[in-house]
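One file, target-v6.txt, is given below (compact mmCIF, C-alpha atoms).
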```txt
# COMPACT_ATOMS: atom_id res chain seq x y z
CA MET A 1 -71.40 13.10 -34.06
CA ILE A 2 -68.17 11.73 -35.41
CA LYS A 3 -66.01 9.85 -33.01
CA LYS A 4 -62.33 9.89 -33.79
CA PHE A 5 -60.59 6.58 -33.16
CA LYS A 6 -56.92 6.12 -33.16
CA LYS A 7 -56.96 3.47 -35.80
CA ARG A 8 -53.36 2.28 -35.68
CA GLY A 9 -52.92 -0.83 -33.54
CA LEU A 10 -49.74 -2.86 -33.16
CA SER A 11 -47.41 -2.64 -36.11
CA PRO A 12 -47.34 -5.70 -38.41
CA VAL A 13 -43.72 -6.38 -37.53
CA ILE A 14 -44.48 -6.60 -33.79
CA THR A 15 -47.53 -8.82 -34.38
CA THR A 16 -45.44 -11.16 -36.50
CA VAL A 17 -42.68 -11.33 -33.91
CA LEU A 18 -45.24 -11.89 -31.16
CA LEU A 19 -46.93 -14.63 -33.14
CA ILE A 20 -43.68 -16.46 -33.83
CA ALA A 21 -42.61 -16.12 -30.18
CA LEU A 22 -45.95 -17.49 -29.02
CA VAL A 23 -45.75 -20.44 -31.40
CA VAL A 24 -42.19 -21.26 -30.33
CA VAL A 25 -42.98 -21.02 -26.61
CA SER A 26 -46.20 -23.03 -26.85
CA THR A 27 -44.41 -25.70 -28.97
CA ALA A 28 -41.64 -25.92 -26.38
CA ILE A 29 -44.17 -26.30 -23.56
CA VAL A 30 -46.10 -29.03 -25.40
CA PHE A 31 -42.83 -30.80 -26.30
CA LEU A 32 -41.58 -30.79 -22.71
CA TRP A 33 -44.93 -32.03 -21.43
CA PHE A 34 -45.12 -34.77 -24.05
CA ARG A 35 -41.53 -35.87 -23.49
CA GLY A 36 -42.33 -36.58 -19.85
CA MET A 37 -45.09 -38.95 -20.95
CA VAL A 38 -42.99 -40.82 -23.52
CA GLU A 39 -40.53 -43.44 -22.29
CA GLU A 40 -36.91 -42.40 -22.63
CA GLY A 41 -35.27 -44.09 -25.62
CA VAL A 42 -32.18 -46.13 -24.75
CA THR A 43 -30.10 -47.44 -27.65
CA LYS A 44 -27.30 -49.95 -28.02
CA PHE A 45 -25.41 -50.52 -31.27
CA GLY A 46 -27.76 -47.97 -32.86
CA LYS A 47 -30.84 -50.05 -32.02
CA ASN A 48 -33.47 -49.64 -29.37
CA ILE A 49 -32.21 -51.65 -26.42
CA LYS A 50 -35.48 -53.64 -26.27
CA LEU A 51 -34.64 -55.12 -29.69
CA VAL A 52 -31.07 -55.92 -28.59
CA CYS A 53 -32.49 -58.22 -25.89
CA ASP A 54 -33.49 -60.59 -28.73
CA ASP A 55 -29.82 -61.01 -29.71
CA ILE A 56 -28.54 -62.07 -26.29
CA GLU A 57 -27.24 -65.63 -26.10
CA PHE A 58 -26.07 -66.98 -22.78
CA GLU A 59 -25.99 -70.21 -20.86
CA ALA A 60 -26.40 -70.57 -17.13
CA ASN A 61 -26.12 -73.39 -14.66
CA TYR A 62 -26.57 -73.74 -10.91
CA ASN A 63 -24.90 -76.64 -9.17
CA ALA A 64 -24.08 -77.09 -5.47
CA GLY A 65 -24.30 -73.37 -4.72
CA GLU A 66 -22.18 -72.41 -7.70
CA LEU A 67 -23.74 -70.26 -10.41
CA SER A 68 -22.04 -70.37 -13.82
CA ILE A 69 -22.88 -68.02 -16.67
CA VAL A 70 -21.32 -68.08 -20.14
CA ASN A 71 -21.91 -65.39 -22.74
CA ASP A 72 -21.99 -67.29 -26.03
CA GLY A 73 -23.38 -64.44 -28.10
CA ASN A 74 -22.15 -61.11 -29.35
CA ILE A 75 -23.96 -58.81 -26.94
CA PRO A 76 -22.03 -57.90 -23.77
CA ILE A 77 -24.06 -58.61 -20.63
CA PHE A 78 -23.49 -55.75 -18.16
CA LYS A 79 -24.82 -57.70 -15.18
CA VAL A 80 -27.70 -60.00 -14.26
CA ASN A 81 -30.60 -59.91 -11.87
CA LEU A 82 -31.51 -63.09 -10.01
CA ARG A 83 -35.12 -63.80 -9.15
CA ILE A 84 -34.93 -66.35 -6.36
CA GLU A 85 -38.22 -68.17 -5.74
CA ASN A 86 -39.11 -70.17 -2.69
CA ASN A 87 -42.58 -71.74 -2.46
CA GLY A 88 -44.37 -68.92 -4.22
CA ASN A 89 -42.40 -66.12 -2.58
CA PHE A 90 -39.56 -64.49 -4.37
CA GLU A 91 -36.84 -61.92 -3.96
CA THR A 92 -34.72 -60.19 -6.57
CA ALA A 93 -30.97 -59.78 -6.20
CA ASP A 94 -28.46 -57.85 -8.26
CA ILE A 95 -25.50 -60.18 -8.79
CA THR A 96 -22.97 -57.39 -8.27
CA LYS A 97 -24.40 -56.72 -4.81
CA ILE A 98 -24.07 -60.28 -3.52
CA SER A 99 -21.16 -60.46 -1.09
CA GLY A 100 -18.18 -62.49 -2.21
CA ILE A 101 -19.15 -62.35 -5.87
CA ASN A 102 -16.48 -61.21 -8.29
CA TRP A 103 -18.53 -60.09 -11.29
CA PRO A 104 -16.42 -58.34 -13.98
CA SER A 105 -16.75 -54.55 -13.61
CA THR A 106 -17.32 -54.07 -17.34
CA GLY A 107 -19.73 -56.98 -17.56
CA LEU A 108 -19.51 -60.26 -19.41
CA ALA A 109 -18.08 -59.52 -22.85
CA GLN A 110 -18.63 -61.85 -25.81
CA GLY A 111 -17.06 -65.20 -24.97
CA GLY A 112 -16.82 -64.24 -21.31
CA ALA A 113 -17.64 -66.59 -18.45
CA PHE A 114 -18.46 -66.17 -14.79
CA SER A 115 -18.61 -68.56 -11.89
CA GLY A 116 -19.41 -67.75 -8.27
CA ASP A 117 -20.88 -69.12 -5.06
CA ILE A 118 -24.37 -67.70 -4.43
CA SER A 119 -25.52 -70.35 -1.95
CA SER A 120 -25.86 -67.75 0.83
CA GLU A 121 -28.36 -65.85 -1.30
CA VAL A 122 -30.24 -68.87 -2.63
CA GLY A 123 -30.72 -70.70 0.69
CA SER A 124 -33.57 -73.18 0.39
CA ALA A 125 -35.05 -71.68 -2.77
CA ASN A 126 -36.33 -74.02 -5.47
CA LYS A 127 -36.06 -71.88 -8.59
CA ILE A 128 -33.76 -69.15 -9.89
CA THR A 129 -34.51 -67.02 -12.92
CA ILE A 130 -31.66 -65.04 -14.46
CA TYR A 131 -32.46 -61.81 -16.25
CA PRO A 132 -29.66 -60.18 -18.25
CA ILE A 133 -29.10 -56.45 -17.86
CA LEU A 134 -27.69 -54.40 -20.74
CA ILE A 135 -26.17 -50.96 -20.68
CA GLY A 136 -27.09 -48.52 -23.42
CA THR A 137 -26.98 -44.86 -24.27
CA SER A 138 -29.75 -42.37 -23.71
CA SER A 139 -29.95 -38.60 -23.94
CA ASN A 140 -29.01 -38.50 -20.25
CA GLY A 141 -25.90 -40.66 -20.62
CA GLN A 142 -25.54 -44.38 -20.01
CA LYS A 143 -28.53 -46.26 -18.73
CA THR A 144 -29.17 -49.90 -17.86
CA TYR A 145 -32.09 -51.95 -19.12
CA ILE A 146 -33.35 -55.24 -17.71
CA CYS A 147 -34.29 -57.78 -20.36
CA GLY A 148 -37.19 -59.20 -18.38
CA GLY A 149 -40.01 -61.63 -19.10
CA GLN A 150 -39.24 -64.03 -21.92
CA TYR A 151 -35.50 -63.27 -21.79
CA GLY A 152 -35.10 -64.80 -18.34
CA LYS A 153 -33.39 -68.18 -18.00
CA VAL A 154 -34.98 -70.48 -15.43
CA LEU A 155 -32.77 -72.80 -13.39
CA ALA A 156 -34.16 -75.47 -11.14
CA VAL A 157 -32.35 -75.67 -7.80
CA MET B 1 -74.18 8.17 -36.81
CA LEU B 2 -71.42 7.20 -39.02
CA LEU B 3 -68.95 5.01 -37.34
CA GLN B 4 -65.92 4.55 -39.45
CA ILE B 5 -63.57 1.87 -38.26
CA ASN B 6 -60.58 1.53 -40.35
CA ARG B 7 -59.22 -1.94 -39.74
CA ASN B 8 -55.89 -3.17 -40.94
CA LYS B 9 -57.07 -6.36 -42.57
CA LYS B 10 -53.63 -7.76 -43.29
CA GLY B 11 -52.81 -10.64 -40.95
CA ILE B 12 -49.56 -12.49 -40.95
CA SER B 13 -48.02 -12.43 -44.38
CA LEU B 14 -48.53 -15.45 -46.56
CA VAL B 15 -44.80 -16.03 -46.96
CA ILE B 16 -44.17 -16.07 -43.19
CA SER B 17 -47.07 -18.42 -42.58
CA TYR B 18 -45.66 -20.82 -45.18
CA ILE B 19 -42.21 -20.62 -43.64
CA LEU B 20 -43.62 -21.30 -40.18
CA LEU B 21 -45.68 -24.23 -41.40
CA ILE B 22 -42.81 -25.83 -43.29
CA ALA B 23 -40.33 -25.25 -40.44
CA ILE B 24 -42.64 -26.83 -37.87
CA SER B 25 -43.32 -29.80 -40.18
CA ILE B 26 -39.61 -30.37 -40.80
CA VAL B 27 -38.70 -30.18 -37.10
CA MET B 28 -41.51 -32.58 -36.15
CA SER B 29 -40.51 -35.00 -38.91
CA ILE B 30 -36.88 -35.02 -37.73
CA ILE B 31 -37.90 -35.68 -34.13
CA VAL B 32 -40.25 -38.53 -35.10
CA TYR B 33 -37.69 -39.98 -37.53
CA GLN B 34 -34.92 -40.04 -34.92
CA TRP B 35 -37.21 -41.77 -32.44
CA LEU B 36 -38.65 -44.33 -34.86
CA LYS B 37 -35.26 -45.12 -36.41
CA THR B 38 -34.14 -46.91 -33.25
CA TYR B 39 -37.06 -49.33 -33.56
CA VAL B 40 -36.09 -50.48 -37.05
CA PRO B 41 -34.09 -53.73 -36.81
CA SER B 42 -30.61 -53.19 -38.23
CA GLU B 43 -27.92 -55.68 -39.18
CA THR B 44 -27.46 -58.19 -36.37
CA LEU B 45 -24.01 -59.13 -35.20
CA GLU B 46 -23.93 -62.82 -36.06
CA CYS B 47 -21.79 -65.31 -37.91
CA ASP B 48 -22.54 -66.31 -41.47
CA GLU B 49 -24.64 -69.45 -41.56
CA GLY B 50 -22.52 -72.46 -42.48
CA THR B 51 -19.56 -71.56 -40.28
CA SER B 52 -18.33 -74.71 -38.59
CA ILE B 53 -15.21 -76.32 -37.15
CA PHE B 54 -14.64 -79.72 -35.60
CA VAL B 55 -12.02 -81.08 -33.22
CA ARG B 56 -9.72 -83.56 -34.98
CA ASP B 57 -7.51 -84.44 -32.01
CA ILE B 58 -7.07 -83.57 -28.38
CA ILE B 59 -3.94 -84.64 -26.53
CA TYR B 60 -4.15 -83.91 -22.82
CA ASP B 61 -0.97 -84.85 -20.98
CA CYS B 62 -1.36 -84.58 -17.20
CA THR B 63 2.33 -85.30 -16.61
CA SER B 64 3.59 -82.34 -18.59
CA ASP B 65 0.33 -80.40 -18.06
CA THR B 66 -0.10 -79.65 -21.73
CA LEU B 67 -3.17 -79.61 -23.90
CA ASP B 68 -2.82 -79.88 -27.68
CA ILE B 69 -5.94 -79.25 -29.72
CA SER B 70 -6.21 -79.74 -33.46
CA VAL B 71 -9.25 -78.24 -35.16
CA GLN B 72 -10.37 -78.41 -38.77
CA ASN B 73 -12.57 -75.98 -40.61
CA ASN B 74 -15.40 -78.09 -42.03
CA GLY B 75 -17.67 -75.16 -42.81
CA LYS B 76 -18.21 -72.92 -45.79
CA PHE B 77 -16.40 -69.87 -44.45
CA SER B 78 -12.94 -69.10 -43.13
CA VAL B 79 -12.59 -68.54 -39.40
CA ASN B 80 -10.30 -66.30 -37.40
CA GLY B 81 -9.91 -68.34 -34.21
CA TYR B 82 -11.98 -69.51 -31.28
CA TYR B 83 -13.01 -68.98 -27.69
CA ILE B 84 -11.82 -71.84 -25.53
CA ARG B 85 -12.98 -72.70 -22.03
CA VAL B 86 -12.41 -75.77 -19.90
CA SER B 87 -13.87 -77.25 -16.75
CA ASP B 88 -12.56 -79.54 -14.03
CA SER B 89 -16.06 -80.79 -13.27
CA GLU B 90 -18.51 -82.83 -15.33
CA GLU B 91 -21.35 -80.82 -13.81
CA GLY B 92 -21.96 -77.25 -14.85
CA LEU B 93 -20.52 -75.16 -17.61
CA ALA B 94 -16.94 -74.79 -18.72
CA THR B 95 -16.01 -71.35 -17.38
CA ILE B 96 -12.20 -71.47 -17.17
CA ASP B 97 -10.79 -69.40 -20.02
CA ILE B 98 -7.42 -70.76 -21.18
CA SER B 99 -6.79 -68.39 -24.08
CA SER B 100 -3.93 -66.75 -22.16
CA LYS B 101 -2.27 -70.16 -21.69
CA ILE B 102 -1.53 -70.70 -25.38
CA THR B 103 2.13 -71.42 -26.06
CA ASP B 104 2.13 -72.11 -29.79
CA GLY B 105 -0.20 -72.40 -32.78
CA GLY B 106 -1.92 -69.06 -32.35
CA GLU B 107 -2.04 -66.11 -30.00
CA GLU B 108 -4.45 -64.35 -27.72
CA TYR B 109 -6.54 -61.84 -29.63
CA GLY B 110 -6.08 -58.63 -27.64
CA SER B 111 -8.23 -58.62 -24.54
CA THR B 112 -11.05 -60.54 -26.18
CA GLN B 113 -10.27 -63.85 -24.40
CA SER B 114 -10.11 -65.56 -27.76
CA ILE B 115 -7.41 -67.29 -29.78
CA MET B 116 -6.54 -66.14 -33.28
CA PHE B 117 -4.63 -68.36 -35.66
CA GLY B 118 -2.89 -65.70 -37.67
CA GLY B 119 -3.35 -61.99 -38.13
CA ASP B 120 -6.47 -59.92 -37.95
CA GLU B 121 -8.06 -61.91 -40.77
CA ASN B 122 -9.97 -65.16 -41.15
CA GLU B 123 -6.89 -67.30 -41.69
CA LEU B 124 -8.27 -70.82 -41.34
CA VAL B 125 -9.89 -71.53 -44.68
CA PRO B 126 -12.38 -74.37 -45.27
CA GLN B 127 -10.90 -77.90 -45.09
CA GLU B 128 -7.66 -76.61 -43.51
CA HIS B 129 -6.64 -77.65 -40.02
CA THR B 130 -4.38 -76.22 -37.33
CA THR B 131 -3.06 -77.27 -33.93
CA SER B 132 -2.76 -75.07 -30.86
CA PHE B 133 -0.76 -75.89 -27.73
CA PHE B 134 -1.70 -74.83 -24.21
CA ASP B 135 0.11 -74.92 -20.87
CA VAL B 136 -2.45 -75.92 -18.23
CA SER B 137 -0.09 -76.35 -15.29
CA ASP B 138 -1.95 -73.66 -13.30
CA TYR B 139 -4.92 -75.96 -12.75
CA GLU B 140 -4.58 -78.40 -9.88
CA ASP B 141 -7.50 -80.63 -10.80
CA SER B 142 -7.61 -82.59 -14.01
CA LEU B 143 -9.63 -81.00 -16.77
CA VAL B 144 -12.61 -83.05 -17.92
CA LYS B 145 -14.49 -80.88 -20.36
CA ILE B 146 -13.67 -78.43 -23.12
CA GLU B 147 -15.86 -75.94 -25.01
CA ILE B 148 -14.85 -74.19 -28.21
CA ILE B 149 -16.74 -71.47 -30.04
CA PRO B 150 -15.28 -70.42 -33.42
CA THR B 151 -14.92 -66.71 -34.19
CA ARG B 152 -14.85 -64.75 -37.41
CA VAL B 153 -13.82 -61.22 -38.27
CA GLN B 154 -16.65 -59.63 -40.22
CA THR B 155 -17.15 -56.16 -41.62
CA ILE B 156 -20.24 -54.59 -40.15
CA ASP B 157 -21.07 -50.93 -40.81
CA ASN B 158 -17.60 -50.54 -42.39
CA LYS B 159 -15.94 -51.71 -39.18
CA LYS B 160 -14.14 -54.99 -38.62
CA ARG B 161 -15.76 -56.81 -35.71
CA LEU B 162 -14.96 -60.08 -34.01
CA VAL B 163 -18.07 -62.22 -34.12
CA SER B 164 -18.75 -65.25 -31.97
CA CYS B 165 -20.27 -68.19 -33.88
CA SER B 166 -22.29 -69.71 -31.05
CA GLU B 167 -24.26 -71.91 -33.47
CA ALA B 168 -21.03 -73.81 -34.15
CA LYS B 169 -20.13 -74.41 -30.50
CA ILE B 170 -18.30 -77.66 -29.73
CA GLU B 171 -18.28 -79.56 -26.44
CA GLU B 172 -15.87 -82.41 -25.84
CA SER B 173 -14.98 -84.54 -22.84
CA ILE B 174 -11.26 -84.91 -22.21
CA SER B 175 -9.18 -87.15 -19.99
CA CYS B 176 -5.52 -87.52 -19.14
CA GLU B 177 -3.27 -89.71 -21.23
```

What would you get if you wrote out this structure as structure tokens?
Amino acid sequence: MIKKFKKRGLSPVITTVLLIALVVVSTAIVFLWFRGMVEEGVTKFGKNIKLVCDDIEFEANYNAGELSIVNDGNIPIFKVNLRIENNGNFETADITKISGINWPSTGLAQGGAFSGDISSEVGSANKITIYPILIGTSSNGQKTYICGGQYGKVLAV
Amino acid sequence: MLLQINRNKKGISLVISYILLIAISIVMSIIVYQWLKTYVPSETLECDEGTSIFVRDIIYDCTSDTLDISVQNNGKFSVNGYYIRVSDSEEGLATIDISSKITDGGEEYGSTQSIMFGGDENELVPQEHTTSFFDVSDYEDSLVKIEIIPTRVQTIDNKKRLVSCSEAKIEESISCE
């Protein structure tokens, strides 16, 4: 008994197109999944913003409720975060959100200086740490980055 | 029983498989390159080492509310000008910018809050000195401290940039005559 099969399957052109489409779609899926796991890259002056933190140079001083910050370096400081410590407890404050503070809207450019009364925020705290915040560019537009850890400047109150 | 199965043994053509492989490799390389490139340290915006100025004279007249500052370039490189800030308190940092108060011996450099001696070049060559005059009548309290940071114009990535020379910062106490 001879069985007759229809031996023609999919044409080579359709298989090739299918294969390419599959590869493209699966690559896109893997890429989108992987991108969600990788931290978004923020750059400033063409460098990763984490490296730019190394180039920040600023001085800060706290005296009688008055906080003074001077940007001596060449990296503009967009704003600063204050970590206010009181006997082991601490709170973090964004300097632009403290009432009565007139922080420049574009940040502290090179050579720029700031002085303002933060006594209402500091209260009876015994230590303030100042962390500079930079603004950089990412694929989703401008994004801020806090230069934390070693880049903080500690001021005794 | 004779079962004849005629299979088409040709898979994807060799040329297309090569093209796919090379295209995927190139795209992946570009993505990885763009990502890694940002982690490579590039030229840092900083003054040339050996840039230095010193204050020759300061004349602070509280009667006429004028401040005359003479600086000399004692470094190896020419400088463009300086950032100048004063304070009316011994405590704390000098945060009052007086670059807009200059009356002679330089001009404010755009909106940079710095003084430039001449044009958009490093005009003050080594061993030369210059005097700038400021009107400080807006400040009620006497000024007691002055901070000066020299600046240079440097070409970085084919662009002229104003660079702050924080390593050459000067702090001086001042008092009325």

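Minimum atom-to-atom distances from B:Val163, B:Glu107, B:Val79, B:Lys101 to Asp65 (chain B) were compared using all atoms listed in the file, and the lowest value belongs to B:Lys101.
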
How close does chain A get to chain B? List, as JSON lines, each residue of chain A within 10 Å, its nearest atom pair and the distance in Å to one decimal, counting all atoms listed in the file.
```
{"residue": "A:Met1", "atom": "CA", "partner": "B:Met1", "partner_atom": "CA", "distance": 6.3}
{"residue": "A:Ile2", "atom": "CA", "partner": "B:Leu2", "partner_atom": "CA", "distance": 6.6}
{"residue": "A:Lys3", "atom": "CA", "partner": "B:Leu3", "partner_atom": "CA", "distance": 7.1}
{"residue": "A:Lys4", "atom": "CA", "partner": "B:Gln4", "partner_atom": "CA", "distance": 8.6}
{"residue": "A:Phe5", "atom": "CA", "partner": "B:Ile5", "partner_atom": "CA", "distance": 7.6}
{"residue": "A:Lys6", "atom": "CA", "partner": "B:Asn6", "partner_atom": "CA", "distance": 9.3}
{"residue": "A:Lys7", "atom": "CA", "partner": "B:Asn6", "partner_atom": "CA", "distance": 6.1}
{"residue": "A:Arg8", "atom": "CA", "partner": "B:Asn8", "partner_atom": "CA", "distance": 8.0}
{"residue": "A:Gly9", "atom": "CA", "partner": "B:Asn8", "partner_atom": "CA", "distance": 8.3}
{"residue": "A:Leu10", "atom": "CA", "partner": "B:Asn8", "partner_atom": "CA", "distance": 9.9}
{"residue": "A:Ser11", "atom": "CA", "partner": "B:Asn8", "partner_atom": "CA", "distance": 9.8}
{"residue": "A:Pro12", "atom": "CA", "partner": "B:Ile12", "partner_atom": "CA", "distance": 7.6}
{"residue": "A:Val13", "atom": "CA", "partner": "B:Ile12", "partner_atom": "CA", "distance": 9.1}
{"residue": "A:Thr15", "atom": "CA", "partner": "B:Ile12", "partner_atom": "CA", "distance": 7.8}
{"residue": "A:Thr16", "atom": "CA", "partner": "B:Ile12", "partner_atom": "CA", "distance": 6.2}
{"residue": "A:Val17", "atom": "CA", "partner": "B:Ile12", "partner_atom": "CA", "distance": 9.9}
{"residue": "A:Leu19", "atom": "CA", "partner": "B:Ile12", "partner_atom": "CA", "distance": 8.5}
{"residue": "A:Ile20", "atom": "CA", "partner": "B:Leu20", "partner_atom": "CA", "distance": 8.0}
{"residue": "A:Val23", "atom": "CA", "partner": "B:Leu20", "partner_atom": "CA", "distance": 9.1}
{"residue": "A:Val24", "atom": "CA", "partner": "B:Ile24", "partner_atom": "CA", "distance": 9.4}
{"residue": "A:Thr27", "atom": "CA", "partner": "B:Ile24", "partner_atom": "CA", "distance": 9.1}
{"residue": "A:Glu40", "atom": "CA", "partner": "B:Trp35", "partner_atom": "CA", "distance": 9.8}
{"residue": "A:Gly41", "atom": "CA", "partner": "B:Trp35", "partner_atom": "CA", "distance": 7.5}
{"residue": "A:Val42", "atom": "CA", "partner": "B:Thr38", "partner_atom": "CA", "distance": 8.8}
{"residue": "A:Thr43", "atom": "CA", "partner": "B:Thr38", "partner_atom": "CA", "distance": 6.9}
{"residue": "A:Lys44", "atom": "CA", "partner": "B:Thr38", "partner_atom": "CA", "distance": 9.1}
{"residue": "A:Phe45", "atom": "CA", "partner": "B:Ser42", "partner_atom": "CA", "distance": 9.1}
{"residue": "A:Gly46", "atom": "CA", "partner": "B:Thr38", "partner_atom": "CA", "distance": 6.5}
{"residue": "A:Lys47", "atom": "CA", "partner": "B:Thr38", "partner_atom": "CA", "distance": 4.7}
{"residue": "A:Asn48", "atom": "CA", "partner": "B:Thr38", "partner_atom": "CA", "distance": 4.8}
{"residue": "A:Ile49", "atom": "CA", "partner": "B:Thr38", "partner_atom": "CA", "distance": 8.5}
{"residue": "A:Lys50", "atom": "CA", "partner": "B:Tyr39", "partner_atom": "CA", "distance": 8.6}
{"residue": "A:Leu51", "atom": "CA", "partner": "B:Pro41", "partner_atom": "CA", "distance": 7.3}
{"residue": "A:Val52", "atom": "CA", "partner": "B:Thr44", "partner_atom": "CA", "distance": 8.9}
{"residue": "A:Asp55", "atom": "CA", "partner": "B:Thr44", "partner_atom": "CA", "distance": 7.6}
{"residue": "A:Glu57", "atom": "CA", "partner": "B:Ser166", "partner_atom": "CA", "distance": 8.1}
{"residue": "A:Phe58", "atom": "CA", "partner": "B:Ser166", "partner_atom": "CA", "distance": 9.5}
{"residue": "A:Glu59", "atom": "CA", "partner": "B:Leu93", "partner_atom": "CA", "distance": 8.1}
{"residue": "A:Ala60", "atom": "CA", "partner": "B:Leu93", "partner_atom": "CA", "distance": 7.5}
{"residue": "A:Asn61", "atom": "CA", "partner": "B:Gly92", "partner_atom": "CA", "distance": 5.7}
{"residue": "A:Tyr62", "atom": "CA", "partner": "B:Gly92", "partner_atom": "CA", "distance": 7.0}
{"residue": "A:Asn63", "atom": "CA", "partner": "B:Gly92", "partner_atom": "CA", "distance": 6.4}
{"residue": "A:Ala64", "atom": "CA", "partner": "B:Glu91", "partner_atom": "CA", "distance": 9.5}
{"residue": "A:Glu66", "atom": "CA", "partner": "B:Gly92", "partner_atom": "CA", "distance": 8.6}
{"residue": "A:Leu67", "atom": "CA", "partner": "B:Gly92", "partner_atom": "CA", "distance": 8.5}
{"residue": "A:Ser68", "atom": "CA", "partner": "B:Leu93", "partner_atom": "CA", "distance": 6.3}
{"residue": "A:Ile69", "atom": "CA", "partner": "B:Leu93", "partner_atom": "CA", "distance": 7.6}
{"residue": "A:Val70", "atom": "CA", "partner": "B:Thr95", "partner_atom": "CA", "distance": 6.8}
{"residue": "A:Asn71", "atom": "CA", "partner": "B:Ser166", "partner_atom": "CA", "distance": 9.4}
{"residue": "A:Asp72", "atom": "CA", "partner": "B:Ser166", "partner_atom": "CA", "distance": 5.6}
{"residue": "A:Gly73", "atom": "CA", "partner": "B:Ser164", "partner_atom": "CA", "distance": 6.1}
{"residue": "A:Asn74", "atom": "CA", "partner": "B:Ser164", "partner_atom": "CA", "distance": 6.0}
{"residue": "A:Ile75", "atom": "CA", "partner": "B:Leu45", "partner_atom": "CA", "distance": 8.3}
{"residue": "A:Ala109", "atom": "CA", "partner": "B:Thr112", "partner_atom": "CA", "distance": 7.8}
{"residue": "A:Gln110", "atom": "CA", "partner": "B:Ser164", "partner_atom": "CA", "distance": 7.0}
{"residue": "A:Gly111", "atom": "CA", "partner": "B:Tyr83", "partner_atom": "CA", "distance": 6.2}
{"residue": "A:Gly112", "atom": "CA", "partner": "B:Gln113", "partner_atom": "CA", "distance": 7.3}
{"residue": "A:Ala113", "atom": "CA", "partner": "B:Thr95", "partner_atom": "CA", "distance": 5.1}
{"residue": "A:Phe114", "atom": "CA", "partner": "B:Thr95", "partner_atom": "CA", "distance": 6.3}
{"residue": "A:Ser115", "atom": "CA", "partner": "B:Thr95", "partner_atom": "CA", "distance": 6.7}
```

*Of the candidates A:Ile77, A:Thr129, A:Ile135, A:Val30, which one gets nearest to Gln150 (chain A) if we count all atoms listed in the file?*
A:Thr129

*Quick one: distance from CA of Gly110 (chain B) to CA of Pro126 (chain B) in Å, one decimal?*
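Interatomic distance, CA of Gly110 (chain B) to CA of Pro126 (chain B): 24.5 Å.
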
*Do you know which residues are at most 8 Å from region 99-104 of chain A counting all atoms listed in the file, after dropping those on the same chain fewer than 5 positions away, and could you put them as an MDAnalysis selection string?*
chainID A and resid 79 114 116:118

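When CA of Ser137 (chain B) is paired with CA of Ser87 (chain B), their separation reads 13.9 Å.
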
*One decimal, Å: what's the distance from CA of Val55 (chain B) over to CA of Val71 (chain B), could you say?*
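Between CA of Val55 (chain B) and CA of Val71 (chain B) the gap is 4.4 Å.
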
*asked:* At a cut-off of 9 Å, using only C-alpha atoms, what residues contact Val122 (chain A)? Leave out same-chain residues fewer than 5 positions from it and give the result as a ChimeraX atom specification.
replied: /A:65,84-86,127-128,157

Go ahead and write the residues just picked, C-alpha atoms, as a PDB file, in the frame of the given file.
```
ATOM      1  CA  GLY A  65     -24.300 -73.370  -4.720  1.00  0.00           C
ATOM      2  CA  ILE A  84     -34.930 -66.350  -6.360  1.00  0.00           C
ATOM      3  CA  GLU A  85     -38.220 -68.170  -5.740  1.00  0.00           C
ATOM      4  CA  ASN A  86     -39.110 -70.170  -2.690  1.00  0.00           C
ATOM      5  CA  LYS A 127     -36.060 -71.880  -8.590  1.00  0.00           C
ATOM      6  CA  ILE A 128     -33.760 -69.150  -9.890  1.00  0.00           C
ATOM      7  CA  VAL A 157     -32.350 -75.670  -7.800  1.00  0.00           C
TER       8      VAL A 157
END
```

_Polymer residues at most 12 Å from Ser78 (chain B), only C-alpha atoms, same-chain spacing of 5 or more positions, as number ranges by chain_ = B: 47-53, 72-73, 117-118, 121-129, 150-154, 165

Filled-in N, CA and C atoms of region 72-79 of chain A, supplied as a PDB file, in the coordinates of the input:
```pdb
ATOM      1  N   ASP A  72     -22.325 -66.678 -24.741  1.00  0.00           N
ATOM      2  CA  ASP A  72     -21.990 -67.290 -26.030  1.00  0.00           C
ATOM      3  C   ASP A  72     -22.222 -66.357 -27.208  1.00  0.00           C
ATOM      4  N   GLY A  73     -22.979 -65.301 -26.988  1.00  0.00           N
ATOM      5  CA  GLY A  73     -23.380 -64.440 -28.100  1.00  0.00           C
ATOM      6  C   GLY A  73     -22.454 -63.260 -28.299  1.00  0.00           C
ATOM      7  N   ASN A  74     -22.958 -62.271 -28.997  1.00  0.00           N
ATOM      8  CA  ASN A  74     -22.150 -61.110 -29.350  1.00  0.00           C
ATOM      9  C   ASN A  74     -22.570 -59.844 -28.628  1.00  0.00           C
ATOM     10  N   ILE A  75     -23.495 -59.971 -27.698  1.00  0.00           N
ATOM     11  CA  ILE A  75     -23.960 -58.810 -26.940  1.00  0.00           C
ATOM     12  C   ILE A  75     -23.360 -58.871 -25.529  1.00  0.00           C
ATOM     13  N   PRO A  76     -22.583 -57.880 -25.140  1.00  0.00           N
ATOM     14  CA  PRO A  76     -22.030 -57.900 -23.770  1.00  0.00           C
ATOM     15  C   PRO A  76     -23.155 -57.796 -22.737  1.00  0.00           C
ATOM     16  N   ILE A  77     -23.057 -58.638 -21.705  1.00  0.00           N
ATOM     17  CA  ILE A  77     -24.060 -58.610 -20.630  1.00  0.00           C
ATOM     18  C   ILE A  77     -23.460 -57.794 -19.476  1.00  0.00           C
ATOM     19  N   PHE A  78     -24.056 -56.661 -19.168  1.00  0.00           N
ATOM     20  CA  PHE A  78     -23.490 -55.750 -18.160  1.00  0.00           C
ATOM     21  C   PHE A  78     -23.540 -56.392 -16.771  1.00  0.00           C
ATOM     22  N   LYS A  79     -24.680 -56.917 -16.421  1.00  0.00           N
ATOM     23  CA  LYS A  79     -24.820 -57.700 -15.180  1.00  0.00           C
ATOM     24  C   LYS A  79     -26.115 -58.507 -15.277  1.00  0.00           C
TER      25      LYS A  79
END
```
